>>> print(open('my_file34.csv').read())   # CSV, C-alpha atoms
chain,number,residue,atom,x,y,z
A,1,MET,CA,4.8,8.6,-66.0
A,2,LEU,CA,4.8,11.0,-63.1
A,3,ILE,CA,1.5,9.8,-61.6
A,4,ASN,CA,2.4,6.2,-62.3
A,5,ALA,CA,5.8,6.7,-60.5
A,6,LEU,CA,4.0,8.3,-57.5
A,7,LYS,CA,1.5,5.5,-57.4
A,8,HIS,CA,4.2,2.9,-57.5
A,9,PHE,CA,6.1,4.7,-54.7
A,10,LEU,CA,3.0,4.8,-52.5
A,11,LYS,CA,2.2,1.2,-53.2
A,12,ASN,CA,5.7,0.1,-52.2
A,13,THR,CA,5.8,2.2,-49.1
A,14,GLU,CA,2.6,0.5,-48.0
A,15,HIS,CA,4.5,-2.8,-47.9
A,16,THR,CA,7.3,-1.3,-45.8
A,17,LYS,CA,5.1,0.8,-43.6
A,18,HIS,CA,6.3,-0.9,-40.4
A,19,PHE,CA,9.9,0.0,-41.3
A,20,PHE,CA,8.9,3.7,-41.8
A,21,PHE,CA,7.0,3.9,-38.6
A,22,LEU,CA,10.0,2.4,-36.7
A,23,PHE,CA,12.4,4.8,-38.5
A,24,PHE,CA,10.2,7.8,-37.6
A,25,PHE,CA,9.8,6.7,-34.0
A,26,LEU,CA,13.5,6.2,-33.5
A,27,PHE,CA,15.0,9.1,-35.5
A,28,CYS,CA,12.3,11.8,-35.8
A,29,THR,CA,9.9,13.5,-33.5
A,30,LEU,CA,6.4,12.3,-33.1
A,31,ASN,CA,5.2,15.4,-35.0
A,32,ALA,CA,7.2,14.6,-38.1
A,33,THR,CA,5.7,15.7,-41.4
A,34,LEU,CA,5.9,13.4,-44.4
A,35,ARG,CA,6.8,15.2,-47.6
A,36,ILE,CA,7.4,14.2,-51.2
A,37,LEU,CA,9.3,16.7,-53.4
A,38,ILE,CA,8.7,16.2,-57.1
A,39,LEU,CA,11.1,17.8,-59.6
A,40,THR,CA,9.6,17.4,-63.0
A,41,ASP,CA,9.7,18.6,-66.6
A,42,GLY,CA,5.9,18.5,-66.6
A,43,GLU,CA,5.5,15.9,-69.3
A,44,ASP,CA,3.1,13.4,-67.8
A,45,THR,CA,2.3,10.5,-70.1
A,46,SER,CA,0.9,8.2,-67.4
A,47,LYS,CA,-2.5,6.5,-67.7
A,48,SER,CA,-3.2,7.0,-64.0
A,49,LYS,CA,-5.1,10.1,-62.8
A,50,PRO,CA,-4.0,12.3,-59.9
A,51,THR,CA,-7.3,11.5,-58.2
A,52,ASP,CA,-6.1,7.9,-57.9
A,53,VAL,CA,-3.3,8.8,-55.4
A,54,LEU,CA,-4.7,12.0,-53.9
A,55,PRO,CA,-7.0,10.3,-51.3
A,56,TYR,CA,-4.0,8.2,-50.0
A,57,LEU,CA,-1.8,11.3,-49.8
A,58,ILE,CA,-4.4,13.4,-47.9
A,59,GLU,CA,-5.4,10.5,-45.6
A,60,ASN,CA,-1.8,9.9,-44.5
A,61,ASN,CA,-0.9,13.7,-44.2
A,62,ILE,CA,1.7,13.5,-46.9
A,63,ILE,CA,2.5,16.9,-48.4
A,64,VAL,CA,3.6,17.1,-52.0
A,65,ASP,CA,5.8,19.9,-53.2
A,66,VAL,CA,6.4,20.3,-56.9
A,67,VAL,CA,9.1,22.2,-58.8
A,68,ILE,CA,8.4,22.3,-62.6
A,69,VAL,CA,11.4,23.0,-64.7
A,70,SER,CA,9.7,23.4,-68.0
A,71,LEU,CA,7.9,26.3,-69.6
A,72,LYS,CA,6.3,24.2,-72.3
A,73,ALA,CA,3.9,21.9,-70.4
A,74,SER,CA,1.1,23.3,-68.2
A,75,CYS,CA,1.4,20.8,-65.4
A,76,LYS,CA,-1.9,21.9,-63.9
A,77,ASP,CA,-2.7,18.3,-62.7
A,78,VAL,CA,0.5,18.1,-60.6
A,79,CYS,CA,0.0,21.7,-59.3
A,80,ALA,CA,-3.5,20.9,-58.2
A,81,LEU,CA,-2.3,17.7,-56.5
A,82,SER,CA,0.3,19.7,-54.6
A,83,HIS,CA,-2.1,22.4,-53.5
A,84,LEU,CA,-4.8,19.9,-52.4
A,85,THR,CA,-2.2,18.1,-50.2
A,86,GLY,CA,-1.2,21.4,-48.6
A,87,GLY,CA,2.0,21.7,-50.6
A,88,LEU,CA,3.5,24.3,-52.8
A,89,ALA,CA,3.9,24.3,-56.6
A,90,PHE,CA,6.7,26.3,-58.2
A,91,ARG,CA,7.5,27.0,-61.8
A,92,PRO,CA,10.6,29.1,-62.0
A,93,THR,CA,11.1,31.0,-65.2
A,94,LYS,CA,14.9,31.4,-64.9
A,95,VAL,CA,17.7,29.1,-63.7
A,96,GLU,CA,18.6,31.7,-61.0
A,97,ASP,CA,15.0,31.6,-59.6
A,98,GLY,CA,15.1,27.8,-59.4
A,99,ILE,CA,18.4,27.8,-57.6
A,100,ALA,CA,17.3,30.5,-55.2
A,101,LEU,CA,14.2,28.5,-54.4
A,102,PHE,CA,16.3,25.7,-53.0
A,103,GLU,CA,18.2,28.2,-50.8
A,104,LYS,CA,15.1,29.4,-49.0
A,105,GLU,CA,14.6,28.0,-45.6
A,106,ALA,CA,10.8,27.9,-45.9
A,107,PHE,CA,11.2,25.7,-48.9
A,108,LEU,CA,13.6,23.3,-47.3
A,109,SER,CA,11.9,23.0,-43.9
A,110,ILE,CA,8.2,22.8,-43.6
A,111,GLN,CA,8.3,24.0,-40.0
A,112,TYR,CA,9.3,27.5,-41.2
A,113,ARG,CA,6.5,28.0,-43.7
A,114,GLU,CA,3.0,29.1,-43.2
A,115,LYS,CA,0.9,25.9,-42.9
A,116,ALA,CA,-1.5,25.3,-45.7
A,117,GLN,CA,-4.4,22.9,-44.8
A,118,PRO,CA,-4.9,20.0,-47.1
A,119,PHE,CA,-8.3,19.5,-48.7
A,120,LYS,CA,-10.4,17.4,-46.3
A,121,ASP,CA,-13.6,16.6,-48.3
A,122,LYS,CA,-14.1,13.7,-50.7
A,123,ILE,CA,-12.4,14.5,-54.0
A,124,THR,CA,-14.2,13.7,-57.2
A,125,ASN,CA,-13.1,14.4,-60.7
A,126,ASN,CA,-15.4,17.4,-61.0
A,127,ILE,CA,-13.9,19.0,-57.8
A,128,PHE,CA,-10.4,18.2,-58.9
A,129,ASN,CA,-11.0,19.8,-62.4
A,130,SER,CA,-12.6,22.9,-61.0
A,131,PHE,CA,-9.7,23.3,-58.5
A,132,LYS,CA,-7.2,22.7,-61.3
A,133,ASN,CA,-8.8,25.4,-63.5
A,134,ASN,CA,-8.7,28.1,-60.7
A,135,LEU,CA,-5.2,27.8,-59.4
A,136,SER,CA,-1.9,29.5,-59.9
A,137,TYR,CA,1.8,28.7,-59.2
A,138,ASP,CA,3.4,29.8,-56.0
A,139,LYS,CA,6.0,32.6,-56.4
A,140,GLU,CA,8.0,31.8,-53.3
A,141,PRO,CA,7.5,30.0,-50.0
A,142,LYS,CA,6.5,32.4,-47.2
A,143,ASN,CA,8.6,32.1,-44.1
A,144,LYS,CA,6.2,32.4,-41.2
A,145,ILE,CA,8.8,33.8,-38.9
A,146,ILE,CA,9.5,36.7,-41.2
A,147,VAL,CA,5.7,37.3,-41.7
A,148,GLN,CA,5.2,37.4,-38.0
A,149,ALA,CA,8.1,39.7,-37.4
A,150,LEU,CA,6.8,42.2,-40.0
A,151,ALA,CA,3.4,42.2,-38.5
A,152,LYS,CA,4.4,42.7,-34.8
A,153,GLN,CA,5.2,45.8,-32.8
A,154,PRO,CA,8.8,46.6,-31.9
A,155,LEU,CA,10.1,44.2,-29.3
A,156,LEU,CA,11.2,46.9,-26.8
A,157,THR,CA,10.4,50.6,-26.5
A,158,PRO,CA,12.7,53.0,-24.7
A,159,ARG,CA,10.2,53.3,-21.8
A,160,ALA,CA,10.0,49.5,-21.5
A,161,ALA,CA,13.8,49.3,-21.4
A,162,ILE,CA,14.0,51.7,-18.5
A,163,LYS,CA,11.0,50.3,-16.7
A,164,GLY,CA,11.9,46.7,-17.4
A,165,LEU,CA,9.9,43.9,-18.9
A,166,ASP,CA,8.8,42.6,-15.5
A,167,GLY,CA,7.5,46.0,-14.4
A,168,THR,CA,10.4,46.8,-12.0
A,169,TYR,CA,12.5,49.8,-12.8
A,170,GLN,CA,16.0,49.1,-14.2
A,171,TYR,CA,17.9,51.8,-12.2
A,172,ARG,CA,21.1,51.4,-14.2
A,173,LEU,CA,19.4,52.0,-17.5
A,174,ARG,CA,17.4,54.9,-15.9
A,175,ARG,CA,20.6,56.4,-14.7
A,176,ILE,CA,22.3,56.1,-18.1
A,177,ALA,CA,19.3,57.7,-19.8
A,178,LYS,CA,19.4,60.6,-17.3
A,179,GLU,CA,23.2,61.1,-17.9
A,180,LEU,CA,22.6,61.1,-21.7
A,181,ARG,CA,20.0,63.8,-21.3
A,182,ILE,CA,22.3,65.9,-19.1
A,183,ALA,CA,25.2,65.5,-21.6
A,184,HIS,CA,22.8,66.5,-24.5
A,185,ARG,CA,21.7,69.7,-22.7
A,186,TRP,CA,25.3,70.5,-21.9
A,187,ILE,CA,26.4,70.1,-25.5
A,188,MET,CA,23.4,72.2,-26.7
A,189,SER,CA,24.3,75.0,-24.3
A,190,LEU,CA,27.9,75.1,-25.6
A,191,ILE,CA,26.7,75.3,-29.1
A,192,MET,CA,24.3,78.1,-28.3
A,193,GLU,CA,27.1,80.1,-26.6
A,194,ASN,CA,29.3,79.9,-29.6
>>> encode(input="my_file34.csv", output="structure tokens")
Amino acid sequence: MLINALKHFLKNTEHTKHFFFLFFFLFCTLNATLRILILTDGEDTSKSKPTDVLPYLIENNIIVDVVIVSLKASCKDVCALSHLTGGLAFRPTKVEDGIALFEKEAFLSIQYREKAQPFKDKITNNIFNSFKNNLSYDKEPKNKIIVQALAKQPLLTPRAAIKGLDGTYQYRLRRIAKELRIAHRWIMSLIMEN
């Protein structure tokens, strides 16, 4: 039923497309990202295949994120659908992990996560099945701001603080650093005398 429900949703949004474009034009930025969040138990009894809706999702740049709340079903079809659209697929093993997932900013807002590119080539059943057999579930959404912060150098070195970011010397900071050095020498000389 999951793929049928997704297919039904996409068919109905096609009829109301003008309303959605007006809504996004008035209330969102022009760079708005469309996203569908699927919360499922993984039991898919639909007769439709994911390859029926996948071309429409990719063509319209709709990202599908999936949270699977069952440990019984494999849900590889939905996971592959999610990854092929540039989305994430999660399968938390504990209730605490599932709740924590919805508290992460990179999960809630796409602008904070590392951007995954959707599959751009024509998708056939063979490509979909090979992709489905070679994938894994995401552990957590990666926040691109944290990843960038961990990879970069420190923002300001002591020398840069004294010299200034624009190349001119900051005389107050230079004077403070000089007085701290003098105070340090004075304290060290008192310690050595005693």
>>> residues_around(input="my_file34.csv", residues="stretch 54-62 of chain A", least_positions_apart="4", cutoff="10 Å", atoms="only C-alpha atoms", output="list in words")
Lys7, Leu10, Lys11, Thr33, Leu34, Arg35, Ile36, Lys49, Pro50, Ala80, Leu81, Ser82, Leu84, Thr85, Gly86, Gly87, Gln117, Pro118, Phe119, Lys120, Asp121, Lys122, Ile123, Thr124 and Phe128 of chain A
>>> closest_residue(input="my_file34.csv", among="A:Leu150, A:Lys47, A:Lys72, A:Asp77", to="A:Ser130", atoms="all atoms listed in the file")
A:Asp77
>>> atom_distance(input="my_file34.csv", atom1="atom CA of A:Val147", atom2="atom CA of A:Ala106")
11.5 Å
>>> closest_residue(input="my_file34.csv", among="A:Ser70, A:Gly42, A:Ile146, A:Asp65", to="A:Val95", atoms="all atoms listed in the file")
A:Ser70
